[in-house]
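Note sheet for the following structure.
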Amino acid sequence: MSLSYIKNVSTLELDVEKCTGCSMCVTVCPHNVFEIANRKSRIVNKDLCMECGACVKNCPENALAVKSGVGCAAGILLGYIRGTEPTCGCDGDSDCC
């Protein structure tokens with residue numbers, strides 16, 4: 001069974017031009033969001049991303065970007081209620097989530 005989160009909300013982005021195919025994203029991603037194809041990383045299913053930020057922190061080429069911590073349902077609901085961007089309440093501290 002494959003877990004998925006809320007559809008079409010993940011902020012995950014991959015700059016294929018910067019990617020060297022080192023496979024660190026594949027290694028650290030807990031939900032198998034990535035695969036290596038033609039010596040480059042590829043996002044297999046963006047909706048599986050829980051936005052933990054492990055891929056971004058471990059990419060030596062800075063080819064990945066994600067707003068870490070906003071993928072959780074609580075963050076999305078808080079943003080909706082407050083009328084703001086989804087947030088986990090960390091006030092910009094990317095290491096708290």
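Chain identifiers are assigned as A, B, and so on, following the order in which chains appear in the structure tokens; residues are numbered from 1 within each chain, and ligands are numbered from 1 in order of appearance.
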Compile the contact shell of Cys49 (chain A) as an mmCIF file with N, CA and C atoms, in the first residue's frame: residues with an atom at most 9 Å away, counting only C-alpha atoms, same-chain residues fewer than 2 positions apart removed.
```cif
data_model
loop_
_atom_site.group_PDB
_atom_site.id
_atom_site.type_symbol
_atom_site.label_atom_id
_atom_site.label_comp_id
_atom_site.auth_asym_id
_atom_site.auth_seq_id
_atom_site.Cartn_x
_atom_site.Cartn_y
_atom_site.Cartn_z
ATOM 1 N N SER A 4 -0.272 8.445 0.494
ATOM 2 C CA SER A 4 -0.233 9.715 -0.215
ATOM 3 C C SER A 4 -0.837 10.777 0.678
ATOM 4 N N TYR A 5 -0.493 11.995 0.387
ATOM 5 C CA TYR A 5 -0.946 13.121 1.178
ATOM 6 C C TYR A 5 -1.948 13.905 0.347
ATOM 7 N N SER A 10 2.267 19.712 -2.736
ATOM 8 C CA SER A 10 3.697 19.641 -2.426
ATOM 9 C C SER A 10 4.463 20.761 -3.122
ATOM 10 N N THR A 11 5.376 21.361 -2.377
ATOM 11 C CA THR A 11 6.204 22.445 -2.909
ATOM 12 C C THR A 11 7.515 21.932 -3.493
ATOM 13 N N LEU A 12 7.688 20.635 -3.553
ATOM 14 C CA LEU A 12 8.922 20.024 -4.047
ATOM 15 C C LEU A 12 9.218 20.425 -5.488
ATOM 16 N N CYS A 29 15.123 9.770 0.885
ATOM 17 C CA CYS A 29 13.675 9.999 0.846
ATOM 18 C C CYS A 29 12.931 8.830 1.499
ATOM 19 N N PRO A 30 12.157 9.116 2.563
ATOM 20 C CA PRO A 30 11.455 8.028 3.247
ATOM 21 C C PRO A 30 10.245 7.479 2.487
ATOM 22 N N HIS A 31 9.815 8.173 1.428
ATOM 23 C CA HIS A 31 8.614 7.734 0.714
ATOM 24 C C HIS A 31 8.849 7.432 -0.762
ATOM 25 N N ASN A 32 10.104 7.245 -1.133
ATOM 26 C CA ASN A 32 10.449 6.842 -2.504
ATOM 27 C C ASN A 32 9.871 7.768 -3.565
ATOM 28 N N VAL A 33 10.039 9.058 -3.351
ATOM 29 C CA VAL A 33 9.529 10.057 -4.289
ATOM 30 C C VAL A 33 10.392 10.111 -5.555
ATOM 31 N N ASN A 45 6.504 10.504 -7.996
ATOM 32 C CA ASN A 45 5.155 10.900 -7.607
ATOM 33 C C ASN A 45 5.259 12.004 -6.563
ATOM 34 N N LYS A 46 5.043 13.217 -6.973
ATOM 35 C CA LYS A 46 5.168 14.389 -6.104
ATOM 36 C C LYS A 46 4.189 14.338 -4.930
ATOM 37 N N ASP A 47 3.049 13.707 -5.107
ATOM 38 C CA ASP A 47 2.051 13.632 -4.042
ATOM 39 C C ASP A 47 2.481 12.727 -2.888
ATOM 40 N N GLU A 51 7.339 16.542 2.473
ATOM 41 C CA GLU A 51 8.079 17.790 2.642
ATOM 42 C C GLU A 51 8.942 17.807 3.900
ATOM 43 N N CYS A 52 9.624 16.701 4.168
ATOM 44 C CA CYS A 52 10.488 16.632 5.345
ATOM 45 C C CYS A 52 11.787 17.406 5.146
ATOM 46 N N GLY A 71 3.918 20.382 4.412
ATOM 47 C CA GLY A 71 3.147 19.306 3.812
ATOM 48 C C GLY A 71 2.174 18.633 4.739
#
```
Within 7 Å of region 60-67 of chain A, counting only C-alpha atoms, which residues qualify if same-chain residues fewer than 2 places away don't, as a short mmCIF file (atom, residue, chain, number, x, y, z; two decimals) with C-alpha atoms, in the first residue's frame?
```cif
data_model
loop_
_atom_site.label_atom_id
_atom_site.label_comp_id
_atom_site.auth_asym_id
_atom_site.auth_seq_id
_atom_site.Cartn_x
_atom_site.Cartn_y
_atom_site.Cartn_z
CA THR A 11 6.20 22.45 -2.91
CA LEU A 12 8.92 20.02 -4.05
CA GLU A 13 10.91 21.21 -7.07
CA LEU A 14 13.78 19.60 -8.97
CA ASP A 15 16.21 21.49 -11.21
CA VAL A 16 17.26 18.70 -13.57
CA LYS A 18 21.81 21.03 -11.70
CA CYS A 19 21.31 17.34 -10.94
CA GLU A 51 8.08 17.79 2.64
CA GLY A 53 13.40 18.35 3.58
CA VAL A 56 17.22 19.22 0.01
CA ASN A 58 21.49 16.08 1.32
CA GLY A 69 7.25 21.39 7.09
CA VAL A 70 4.26 22.66 5.15
#
```
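The smallest atom-to-atom distance between Val28 (chain A) and any of A:Ile43, A:Cys55, A:Leu48, A:Asn8, using only C-alpha atoms, is found for A:Cys55.
Between CA of Ala54 (chain A) and CA of Ile36 (chain A) the interatomic distance comes to 16.8 Å.
Coordinates place CA of Met50 (chain A) at a distance of 21.6 Å from CA of Cys22 (chain A).
Looking only at region 1-74 of chain A, the set that DSSP places in strand (DSSP E) from backbone geometry is Glu13, Leu14, Phe34, Glu35, Ile36, Ala37, Lys40, Ser41, Arg42, Ile43, Leu64 and Ala65 of chain A.
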